[in-house]
Amino acid sequence: MDFGFTPEQGKLKKEICDFLTREVTEDFLKGIDEEGQGELSLSFSRRLARNGWPGLAIAKEYGGMGGSYVDFCIFEEEMGLHNAPYDDIYPAIRDVATGLLLFGSEEQKKKYIPAIIAVEDLWCLGYTEPEAGSDLASLSTRAIRNGDDYIINGQKTFTSFAHRAQFCWLMARTDPGLPKHKGISIFILDMRAPGVMRRDLPVMGVSRVSELFFDNVCVPKENLVGEENRGFYQAAHTLAAHRAGMDRVMGRQGGWRTFREIVRFAKEPRHGGKPLSKDPVVRQKIAELAIEFEVARLLAYRGAWAQDRGISPTNEGAVSKIFATEMQRRVAGFGMEIMGLYGQLARGSKYLPLAGNVEAAFRDTVAYTFAGGSNEIQRNIIATRGFRLPA
Amino acid sequence: MDLGLNEAQEMLKKSAREFLEKECPKSFVRAMEEAEKGYTPELWRKIADVGWLGLALPEKYGGTGGNFLDLAVLLEEMGRALLPGPFFSTAICSLAILEAGTDEQKAEFLPKIASGDIIMALALTEPSATYDASGISLSAERQEDHYVLNGAKLFVNDAHVADYLLCVARTGKGAKPEDGITIFAVNAKESGISCNILKTIAADKQCEVLFEKAEVPQKNILGALNKGWPLVEKLMLWAAVGKCAEMLGQSQKALEMTVEYAKQRIQFGRPIGSFQAVQHHCANMLVDVDSSRFITYEAAWKLSEGLPSAKEVSMAKAWVSDATRRVVALGHQVHGGIGFTKEHDMQLYFRRAKAAEVLFGDGDYHREIVAREMGL
């Protein structure tokens, strides 16, 4: 066993850290907080991509750096530690690039992966539908073959990043006559194609999601990924990779930045002159959360390590997702608890503590335990696929 | 980064599992709970013969030159098998002698430990029941070429069968409670030392050890006079991670037993493992077992590599102590009535998990260390 990094990984970590220290300043973060997923974040992502880091674990022939998933996890950890915006990068890298590498044609890999690594193309994931959430296999968006094309009709919902994506990684039903898991395929859908309509769905959190409507959208047959009707099984692999990410631990709301600021708040003198960090109960809780961060971090590296050994991280991703997302809710909840009345204040308010980060995290992290596959479904996966308990 | 065992460790793990399944069945574990000694010299001999007592000792002292990480792998298997007896105590004491002993002391003790000829126990805690230096009040007073020990030690595992005790005593008063602490290797058969086995939740032979004018020669001081506390701290690190490894083995086995039972037990005409409520209990157990594994081995690796590890060790002991308690509690919930009976193994795991949780610092104790390490 070796929990350390190689000298090359140490060098990589430092390069990434140096870049992010320069780029991700407090002012920059304030701008990101204000605009959400916008131009500021995109131009940052593209500057970052010039270093090639999004493609750390991807083979050189597709424009990647040919490194390992542990290398990539080092990158993700640094991104989280600096709270760098990551929404432009991770869905395309984690789901789409993984899916293309596993199931795509040579042509598809060469065409799409380099643009993903460079953050030239942004992607959204067309999975969830109004009647197919946790029961994803009962989705009803249809893809009907028509000559050299597929014609897509149907609706997706709660789609993150759709407002700026050029492409959608779409799951659609190609054979309704087959059992529900066995008639689904994955397509690359150009979001600029005629018949694609989008409507924003305002949510309580800070993230942005949309509904997508497909009205006779034409997708050329070469945009089918992998085998027809095998899409659900392919998605099981890409979703495992999606869930095994370190971004769930360190990044986002309720991640390292939120925690760091909570600790800072706890160290400041409060009414009566004593900082909260001197209170034994508060000390215990902060220490507990610090321990949980270390646990979550190790579970994320475990997923990367498994991927480097050619394992699709089904169990690893599920364990990591459950732990990290529930931890992030605890982080935000604890922050709100110790801030008391001040915790209510939101951005734009006078007297706002910690730039409103904890209040935002408290709202946003509610979604983490059901988005990306609810934690109940993750537990089902562990039980039925990991332990082979009867369904 | 490599989160798997190396080839030699995989072999050690496999051979330890086979050895313990054969030599330490649950019938033996139960018999040892009742037996006064809590171990058998026959099994102790076999353990010495396979080289485990010298696993983390250099070859020149009769060991096999392994490291602490190897020992953690072995302790995990011992935890899984609930091996009773003085292996843990002896192994931890041997590390202290290797770390701080003089050449003479090492030559005197280590080969005999490796060969199974002497058993050791760590006499650290007292009726004050704290792991802080302020809790050490057993006095050692110098008289010519020896020291005279007076006082009581409590919660000392395996003292009743030990040949030597590593006794943490107060030899002086300084500005801080950490000053004036000295560690002695005390012949346990010395007159003036008496031992009473405590009845404990895990029936694991923790003792009260009374020292009444017990003499120990000056040459048996381990490390420096009055400056023994840093070695106690080091001992605590090894022991805490060692307990984590044992607990990991316990929780891994408790999980496997529970999943197996959930597949077999039929209610409402179907295996209870088909119910999501039960499935989610099992999944929650896995989250705790997996997390325990990596945080334990991270701490073991740091210790083994000689890296600063106080924070990681406390993180591990705090986490694994609580996680293991949760795992065995869920195991009981899934097993229901049958797991509560004494003929079932689940209750053996439940009781030992509690002992391992509180020995060498529970969650509260170690979280406070983490808080201090964070600068709170």
# chains A, B, ... in the order shown; residues from 1 in each chain; ligands from 1
>>> residues_around(residues="Thr64 in chain B", least_positions_apart="6", cutoff="9 Å", atoms="only C-alpha atoms", output="PyMOL selection string")
chain B and resi 51-52+54-58
>>> closest_atom_pairs(of="chain A", to="chain B", cutoff="6 Å", atoms="only C-alpha atoms", output="CSV")
residue,atom,partner,partner_atom,distance
A:Met1,CA,B:Asp2,CA,5.2
A:Asp2,CA,B:Asp2,CA,4.8
A:Phe3,CA,B:Met1,CA,4.9
A:Gly4,CA,B:Met1,CA,5.2
A:Phe5,CA,B:Met1,CA,5.5
A:Ser277,CA,B:Leu376,CA,5.8
A:Arg283,CA,B:Ala371,CA,6.0
A:Gln284,CA,B:Arg367,CA,5.8
A:Ala287,CA,B:Ala371,CA,5.1
A:Ile291,CA,B:Met315,CA,5.5
A:Val295,CA,B:Ser291,CA,5.8
A:Val319,CA,B:Val287,CA,5.7
A:Arg379,CA,B:Ala283,CA,5.3
A:Ile382,CA,B:Ala283,CA,5.8
A:Ala383,CA,B:Gln279,CA,5.4
A:Leu389,CA,B:Gly273,CA,5.6
A:Pro390,CA,B:Ser274,CA,4.8
A:Ala391,CA,B:Ser274,CA,5.3
>>> residues_around(residues="Leu231 in chain B", least_positions_apart="6", cutoff="9 Å", atoms="only C-alpha atoms", output="ChimeraX atom specification")
/B:96,99-100,183,223
>>> write_last_selection(atoms="N, CA and C atoms", output="short mmCIF file (atom, residue, chain, number, x, y, z; two decimals), in the first residue's frame")
data_model
loop_
_atom_site.label_atom_id
_atom_site.label_comp_id
_atom_site.auth_asym_id
_atom_site.auth_seq_id
_atom_site.Cartn_x
_atom_site.Cartn_y
_atom_site.Cartn_z
N ALA B 96 7.79 -0.93 21.12
CA ALA B 96 8.36 0.10 21.99
C ALA B 96 9.80 -0.24 22.36
N GLU B 99 11.94 0.45 19.44
CA GLU B 99 12.07 1.89 19.22
C GLU B 99 13.03 2.53 20.22
N ALA B 100 12.88 2.18 21.50
CA ALA B 100 13.56 2.96 22.54
C ALA B 100 14.55 2.14 23.37
N ILE B 183 9.24 4.88 31.71
CA ILE B 183 8.69 3.56 31.39
C ILE B 183 9.66 2.49 31.88
N GLY B 223 14.04 3.71 27.52
CA GLY B 223 14.14 5.11 27.11
C GLY B 223 14.73 5.95 28.23
#
>>> select_by_dssp(residues="range 143-213 of chain A", states="strand (DSSP E)", output="short mmCIF file (atom, residue, chain, number, x, y, z; two decimals) with N, CA and C atoms, in the first residue's frame")
data_model
loop_
_atom_site.label_atom_id
_atom_site.label_comp_id
_atom_site.auth_asym_id
_atom_site.auth_seq_id
_atom_site.Cartn_x
_atom_site.Cartn_y
_atom_site.Cartn_z
N ALA A 143 -36.56 7.27 -30.20
CA ALA A 143 -35.70 7.47 -31.37
C ALA A 143 -36.12 6.45 -32.40
N ILE A 144 -36.62 6.95 -33.53
CA ILE A 144 -37.11 6.03 -34.57
C ILE A 144 -36.23 6.17 -35.80
N ARG A 145 -35.73 5.05 -36.23
CA ARG A 145 -34.84 5.05 -37.39
C ARG A 145 -35.61 5.43 -38.65
N ASN A 146 -35.00 6.34 -39.40
CA ASN A 146 -35.63 6.77 -40.63
C ASN A 146 -34.53 6.99 -41.66
N ASP A 149 -31.04 8.45 -40.63
CA ASP A 149 -31.20 9.25 -39.42
C ASP A 149 -32.04 8.52 -38.37
N TYR A 150 -32.00 9.09 -37.17
CA TYR A 150 -32.98 8.75 -36.14
C TYR A 150 -33.82 10.00 -35.89
N ILE A 151 -35.10 9.84 -35.70
CA ILE A 151 -35.97 10.97 -35.40
C ILE A 151 -36.32 10.90 -33.92
N ILE A 152 -36.00 11.98 -33.19
CA ILE A 152 -36.16 12.01 -31.73
C ILE A 152 -37.40 12.82 -31.36
N ASN A 153 -38.23 12.21 -30.51
CA ASN A 153 -39.38 12.92 -29.95
C ASN A 153 -39.50 12.60 -28.46
N GLY A 154 -39.72 13.64 -27.66
CA GLY A 154 -39.89 13.38 -26.23
C GLY A 154 -39.42 14.54 -25.38
N GLN A 155 -39.26 14.26 -24.09
CA GLN A 155 -38.92 15.33 -23.15
C GLN A 155 -37.93 14.85 -22.09
N LYS A 156 -36.99 15.72 -21.78
CA LYS A 156 -36.07 15.50 -20.66
C LYS A 156 -36.32 16.59 -19.63
N THR A 157 -35.91 16.32 -18.40
CA THR A 157 -36.09 17.36 -17.38
C THR A 157 -34.97 17.31 -16.34
N PHE A 158 -34.89 18.36 -15.55
CA PHE A 158 -33.80 18.53 -14.57
C PHE A 158 -32.44 18.38 -15.22
N THR A 159 -32.31 18.85 -16.47
CA THR A 159 -31.06 18.69 -17.19
C THR A 159 -30.12 19.84 -16.83
N SER A 160 -29.01 19.51 -16.20
CA SER A 160 -28.03 20.53 -15.83
C SER A 160 -27.24 20.94 -17.06
N PHE A 167 -23.86 20.05 -27.15
CA PHE A 167 -24.29 18.68 -27.42
C PHE A 167 -25.00 18.09 -26.22
N CYS A 168 -25.87 17.15 -26.52
CA CYS A 168 -26.55 16.41 -25.47
C CYS A 168 -26.21 14.93 -25.63
N TRP A 169 -25.84 14.33 -24.52
CA TRP A 169 -25.57 12.87 -24.48
C TRP A 169 -26.91 12.24 -24.10
N LEU A 170 -27.60 11.77 -25.11
CA LEU A 170 -29.02 11.50 -24.96
C LEU A 170 -29.34 10.01 -24.86
N MET A 171 -30.17 9.69 -23.88
CA MET A 171 -30.71 8.33 -23.80
C MET A 171 -32.12 8.34 -24.37
N ALA A 172 -32.37 7.48 -25.33
CA ALA A 172 -33.71 7.42 -25.92
C ALA A 172 -34.08 5.97 -26.23
N ARG A 173 -35.39 5.74 -26.31
CA ARG A 173 -35.87 4.37 -26.53
C ARG A 173 -35.89 4.07 -28.03
N ILE A 184 -33.03 0.65 -25.06
CA ILE A 184 -32.57 2.04 -24.95
C ILE A 184 -31.22 2.20 -25.64
N SER A 185 -31.02 3.35 -26.29
CA SER A 185 -29.74 3.61 -26.96
C SER A 185 -29.23 5.01 -26.57
N ILE A 186 -27.94 5.20 -26.79
CA ILE A 186 -27.33 6.51 -26.50
C ILE A 186 -26.99 7.21 -27.80
N PHE A 187 -27.31 8.49 -27.86
CA PHE A 187 -27.06 9.29 -29.05
C PHE A 187 -26.31 10.58 -28.70
N ILE A 188 -25.61 11.05 -29.70
CA ILE A 188 -25.04 12.39 -29.60
C ILE A 188 -25.99 13.33 -30.35
N LEU A 189 -26.58 14.24 -29.60
CA LEU A 189 -27.58 15.13 -30.21
C LEU A 189 -27.04 16.56 -30.20
N ASP A 190 -27.06 17.18 -31.37
CA ASP A 190 -26.62 18.57 -31.49
C ASP A 190 -27.72 19.48 -30.97
N VAL A 196 -35.20 21.30 -31.19
CA VAL A 196 -34.79 21.25 -29.78
C VAL A 196 -35.29 22.52 -29.10
N MET A 197 -36.05 22.35 -28.02
CA MET A 197 -36.52 23.52 -27.27
C MET A 197 -36.13 23.35 -25.81
N ARG A 198 -35.82 24.48 -25.19
CA ARG A 198 -35.36 24.43 -23.81
C ARG A 198 -36.14 25.43 -22.99
N ARG A 199 -36.44 25.04 -21.74
CA ARG A 199 -37.11 25.95 -20.84
C ARG A 199 -36.41 25.84 -19.49
N ASP A 200 -36.00 26.97 -18.93
CA ASP A 200 -35.34 26.93 -17.62
C ASP A 200 -36.32 26.54 -16.54
N LEU A 201 -35.81 25.81 -15.57
CA LEU A 201 -36.63 25.35 -14.45
C LEU A 201 -35.99 25.91 -13.19
N VAL A 209 -30.97 24.30 -13.97
CA VAL A 209 -31.45 23.11 -14.70
C VAL A 209 -32.56 23.52 -15.67
N SER A 210 -32.77 22.66 -16.65
CA SER A 210 -33.74 22.97 -17.71
C SER A 210 -34.60 21.76 -18.04
N GLU A 211 -35.68 22.07 -18.70
CA GLU A 211 -36.45 21.03 -19.39
C GLU A 211 -36.06 21.09 -20.86
N LEU A 212 -36.00 19.93 -21.50
CA LEU A 212 -35.69 19.88 -22.93
C LEU A 212 -36.83 19.19 -23.65
N PHE A 213 -37.20 19.77 -24.76
CA PHE A 213 -38.27 19.16 -25.57
C PHE A 213 -37.72 18.86 -26.96
#
>>> select_by_dssp(residues="range 161-239 of chain B", states="helix (DSSP H, G or I)", output="PyMOL selection string")
chain B and resi 161+218-220+229-239
>>> closest_residue(among="B:Leu122, B:Ala202, B:Phe184, B:Val334", to="Phe350 in chain B", atoms="only C-alpha atoms")
B:Ala202
>>> closest_residue(among="B:Asp362, B:Glu21, B:Asp204, B:Glu212", to="Tyr39 in chain B", atoms="only C-alpha atoms")
B:Asp204
>>> residues_around(residues="range 239-243 of chain A", least_positions_apart="4", cutoff="9 Å", atoms="only C-alpha atoms", output="VMD selection string")
chain A and resid 90 to 91 93 to 95 98 234 to 235 248 303 to 304 307 312 to 321 372 to 373
>>> atom_distance(atom1="CA of His160 in chain B", atom2="CA of Ile92 in chain B")
16.9 Å
>>> residues_around(residues="range 339-349 of chain A", least_positions_apart="3", cutoff="12 Å", atoms="only C-alpha atoms", output="VMD selection string")
chain A and resid 30 33 to 34 206 261 to 266 268 270 to 271 275 to 276 282 332 to 336 352 to 363
>>> residues_around(residues="Lys112 in chain B", least_positions_apart="4", cutoff="12 Å", atoms="only C-alpha atoms", output="list in words")
Ala48, Leu53, Gly54, Leu57, Tyr61, Gly62, Gly63, Thr90, Ser94, Gln105, Lys106, Ala107, Glu108, Gly116, Asp117, Ile118, Ile119, Met120, Asp163 and Tyr164 of chain B
>>> write_last_selection(atoms="C-alpha atoms", output="PDB file, in the first residue's frame")
ATOM      1  CA  ALA B  48       5.308 -18.106  17.412  1.00  0.00           C
ATOM      2  CA  LEU B  53       5.474 -12.513  16.974  1.00  0.00           C
ATOM      3  CA  GLY B  54       8.512 -11.363  15.048  1.00  0.00           C
ATOM      4  CA  LEU B  57      10.997  -7.155  14.216  1.00  0.00           C
ATOM      5  CA  TYR B  61      16.331 -10.299  16.797  1.00  0.00           C
ATOM      6  CA  GLY B  62      14.664 -13.354  15.401  1.00  0.00           C
ATOM      7  CA  GLY B  63      12.052 -11.461  13.454  1.00  0.00           C
ATOM      8  CA  THR B  90       3.014  -8.353  23.240  1.00  0.00           C
ATOM      9  CA  SER B  94       7.848  -5.204  21.269  1.00  0.00           C
ATOM     10  CA  GLN B 105      17.483  -4.496  26.243  1.00  0.00           C
ATOM     11  CA  LYS B 106      16.715  -5.341  22.646  1.00  0.00           C
ATOM     12  CA  ALA B 107      18.986  -8.369  22.767  1.00  0.00           C
ATOM     13  CA  GLU B 108      17.423  -9.451  26.041  1.00  0.00           C
ATOM     14  CA  GLY B 116       7.119 -16.853  21.949  1.00  0.00           C
ATOM     15  CA  ASP B 117       9.043 -17.330  25.184  1.00  0.00           C
ATOM     16  CA  ILE B 118       7.833 -14.176  26.864  1.00  0.00           C
ATOM     17  CA  ILE B 119       4.495 -12.452  26.921  1.00  0.00           C
ATOM     18  CA  MET B 120       4.271  -8.729  27.524  1.00  0.00           C
ATOM     19  CA  ASP B 163       6.061 -12.218  31.953  1.00  0.00           C
ATOM     20  CA  TYR B 164       6.918  -8.556  31.696  1.00  0.00           C
TER      21      TYR B 164
END
>>> atom_distance(atom1="CA of Ile338 in chain B", atom2="CA of Arg388 in chain A")
22.8 Å
>>> decode(residues="range 223-257 of chain A", atoms="N, CA and C atoms", output="PDB file, in the first residue's frame")
ATOM      1  N   ASN A 223     -24.364   9.082 -35.216  1.00  0.00           N
ATOM      2  CA  ASN A 223     -24.318   9.615 -33.847  1.00  0.00           C
ATOM      3  C   ASN A 223     -24.852   8.647 -32.807  1.00  0.00           C
ATOM      4  N   LEU A 224     -25.219   7.456 -33.235  1.00  0.00           N
ATOM      5  CA  LEU A 224     -25.535   6.408 -32.257  1.00  0.00           C
ATOM      6  C   LEU A 224     -24.221   5.985 -31.611  1.00  0.00           C
ATOM      7  N   VAL A 225     -24.205   5.916 -30.263  1.00  0.00           N
ATOM      8  CA  VAL A 225     -22.974   5.518 -29.562  1.00  0.00           C
ATOM      9  C   VAL A 225     -23.088   4.054 -29.160  1.00  0.00           C
ATOM     10  N   GLY A 226     -22.127   3.282 -29.643  1.00  0.00           N
ATOM     11  CA  GLY A 226     -22.126   1.862 -29.287  1.00  0.00           C
ATOM     12  C   GLY A 226     -23.258   1.132 -29.986  1.00  0.00           C
ATOM     13  N   GLU A 227     -23.719   0.086 -29.321  1.00  0.00           N
ATOM     14  CA  GLU A 227     -24.703  -0.778 -29.950  1.00  0.00           C
ATOM     15  C   GLU A 227     -26.116  -0.261 -29.706  1.00  0.00           C
ATOM     16  N   GLU A 228     -26.945  -0.411 -30.711  1.00  0.00           N
ATOM     17  CA  GLU A 228     -28.345  -0.057 -30.526  1.00  0.00           C
ATOM     18  C   GLU A 228     -28.965  -0.970 -29.459  1.00  0.00           C
ATOM     19  N   ASN A 229     -29.787  -0.361 -28.609  1.00  0.00           N
ATOM     20  CA  ASN A 229     -30.511  -1.072 -27.527  1.00  0.00           C
ATOM     21  C   ASN A 229     -29.641  -1.480 -26.334  1.00  0.00           C
ATOM     22  N   ARG A 230     -28.374  -1.118 -26.347  1.00  0.00           N
ATOM     23  CA  ARG A 230     -27.496  -1.436 -25.210  1.00  0.00           C
ATOM     24  C   ARG A 230     -27.238  -0.197 -24.342  1.00  0.00           C
ATOM     25  N   GLY A 231     -27.958   0.851 -24.612  1.00  0.00           N
ATOM     26  CA  GLY A 231     -27.675   2.150 -23.981  1.00  0.00           C
ATOM     27  C   GLY A 231     -27.770   2.142 -22.465  1.00  0.00           C
ATOM     28  N   PHE A 232     -28.721   1.397 -21.915  1.00  0.00           N
ATOM     29  CA  PHE A 232     -28.872   1.407 -20.458  1.00  0.00           C
ATOM     30  C   PHE A 232     -27.645   0.803 -19.788  1.00  0.00           C
ATOM     31  N   TYR A 233     -27.133  -0.260 -20.387  1.00  0.00           N
ATOM     32  CA  TYR A 233     -25.967  -0.928 -19.804  1.00  0.00           C
ATOM     33  C   TYR A 233     -24.710  -0.086 -19.973  1.00  0.00           C
ATOM     34  N   GLN A 234     -24.650   0.621 -21.105  1.00  0.00           N
ATOM     35  CA  GLN A 234     -23.516   1.533 -21.297  1.00  0.00           C
ATOM     36  C   GLN A 234     -23.561   2.654 -20.265  1.00  0.00           C
ATOM     37  N   ALA A 235     -24.768   3.163 -20.048  1.00  0.00           N
ATOM     38  CA  ALA A 235     -24.909   4.272 -19.095  1.00  0.00           C
ATOM     39  C   ALA A 235     -24.543   3.835 -17.682  1.00  0.00           C
ATOM     40  N   ALA A 236     -24.734   2.565 -17.368  1.00  0.00           N
ATOM     41  CA  ALA A 236     -24.359   2.084 -16.032  1.00  0.00           C
ATOM     42  C   ALA A 236     -22.868   2.314 -15.806  1.00  0.00           C
ATOM     43  N   HIS A 237     -22.071   2.116 -16.862  1.00  0.00           N
ATOM     44  CA  HIS A 237     -20.626   2.338 -16.726  1.00  0.00           C
ATOM     45  C   HIS A 237     -20.287   3.822 -16.585  1.00  0.00           C
ATOM     46  N   THR A 238     -20.920   4.643 -17.444  1.00  0.00           N
ATOM     47  CA  THR A 238     -20.559   6.064 -17.398  1.00  0.00           C
ATOM     48  C   THR A 238     -21.069   6.698 -16.110  1.00  0.00           C
ATOM     49  N   LEU A 239     -22.210   6.248 -15.627  1.00  0.00           N
ATOM     50  CA  LEU A 239     -22.719   6.804 -14.369  1.00  0.00           C
ATOM     51  C   LEU A 239     -21.844   6.394 -13.191  1.00  0.00           C
ATOM     52  N   ALA A 240     -21.295   5.198 -13.257  1.00  0.00           N
ATOM     53  CA  ALA A 240     -20.365   4.775 -12.200  1.00  0.00           C
ATOM     54  C   ALA A 240     -19.171   5.716 -12.176  1.00  0.00           C
ATOM     55  N   ALA A 241     -18.641   6.021 -13.364  1.00  0.00           N
ATOM     56  CA  ALA A 241     -17.497   6.936 -13.449  1.00  0.00           C
ATOM     57  C   ALA A 241     -17.899   8.333 -12.965  1.00  0.00           C
ATOM     58  N   HIS A 242     -19.104   8.738 -13.320  1.00  0.00           N
ATOM     59  CA  HIS A 242     -19.642  10.035 -12.917  1.00  0.00           C
ATOM     60  C   HIS A 242     -19.660  10.157 -11.387  1.00  0.00           C
ATOM     61  N   ARG A 243     -20.097   9.098 -10.734  1.00  0.00           N
ATOM     62  CA  ARG A 243     -20.291   9.157  -9.282  1.00  0.00           C
ATOM     63  C   ARG A 243     -18.990   9.022  -8.512  1.00  0.00           C
ATOM     64  N   ALA A 244     -17.971   8.493  -9.157  1.00  0.00           N
ATOM     65  CA  ALA A 244     -16.716   8.251  -8.457  1.00  0.00           C
ATOM     66  C   ALA A 244     -15.845   9.507  -8.382  1.00  0.00           C
ATOM     67  N   GLY A 245     -16.380  10.640  -8.805  1.00  0.00           N
ATOM     68  CA  GLY A 245     -15.525  11.824  -8.915  1.00  0.00           C
ATOM     69  C   GLY A 245     -15.179  12.485  -7.590  1.00  0.00           C
ATOM     70  N   MET A 246     -14.005  13.064  -7.559  1.00  0.00           N
ATOM     71  CA  MET A 246     -13.560  13.796  -6.373  1.00  0.00           C
ATOM     72  C   MET A 246     -14.300  15.121  -6.216  1.00  0.00           C
ATOM     73  N   ASP A 247     -14.876  15.621  -7.323  1.00  0.00           N
ATOM     74  CA  ASP A 247     -15.556  16.913  -7.239  1.00  0.00           C
ATOM     75  C   ASP A 247     -16.692  16.874  -6.223  1.00  0.00           C
ATOM     76  N   ARG A 248     -17.235  15.679  -6.011  1.00  0.00           N
ATOM     77  CA  ARG A 248     -18.331  15.580  -5.049  1.00  0.00           C
ATOM     78  C   ARG A 248     -17.847  15.818  -3.625  1.00  0.00           C
ATOM     79  N   VAL A 249     -16.550  15.633  -3.417  1.00  0.00           N
ATOM     80  CA  VAL A 249     -16.027  15.745  -2.067  1.00  0.00           C
ATOM     81  C   VAL A 249     -15.587  17.165  -1.760  1.00  0.00           C
ATOM     82  N   MET A 250     -14.686  17.632  -2.592  1.00  0.00           N
ATOM     83  CA  MET A 250     -13.994  18.865  -2.271  1.00  0.00           C
ATOM     84  C   MET A 250     -14.680  20.077  -2.886  1.00  0.00           C
ATOM     85  N   GLY A 251     -15.284  19.842  -4.041  1.00  0.00           N
ATOM     86  CA  GLY A 251     -15.806  20.968  -4.782  1.00  0.00           C
ATOM     87  C   GLY A 251     -17.237  21.290  -4.424  1.00  0.00           C
ATOM     88  N   ARG A 252     -17.850  22.075  -5.242  1.00  0.00           N
ATOM     89  CA  ARG A 252     -19.261  22.436  -5.119  1.00  0.00           C
ATOM     90  C   ARG A 252     -19.560  23.110  -3.784  1.00  0.00           C
ATOM     91  N   GLN A 253     -20.856  23.280  -3.568  1.00  0.00           N
ATOM     92  CA  GLN A 253     -21.322  23.837  -2.305  1.00  0.00           C
ATOM     93  C   GLN A 253     -21.173  22.747  -1.240  1.00  0.00           C
ATOM     94  N   GLY A 254     -20.899  23.157  -0.026  1.00  0.00           N
ATOM     95  CA  GLY A 254     -20.757  22.154   1.034  1.00  0.00           C
ATOM     96  C   GLY A 254     -19.445  21.412   0.964  1.00  0.00           C
ATOM     97  N   GLY A 255     -18.574  21.855   0.083  1.00  0.00           N
ATOM     98  CA  GLY A 255     -17.272  21.209  -0.056  1.00  0.00           C
ATOM     99  C   GLY A 255     -16.215  21.905   0.794  1.00  0.00           C
ATOM    100  N   TRP A 256     -15.003  21.813   0.305  1.00  0.00           N
ATOM    101  CA  TRP A 256     -13.870  22.279   1.114  1.00  0.00           C
ATOM    102  C   TRP A 256     -13.955  23.773   1.430  1.00  0.00           C
ATOM    103  N   ARG A 257     -14.413  24.542   0.423  1.00  0.00           N
ATOM    104  CA  ARG A 257     -14.475  25.994   0.647  1.00  0.00           C
ATOM    105  C   ARG A 257     -15.473  26.333   1.756  1.00  0.00           C
TER     106      ARG A 257
END
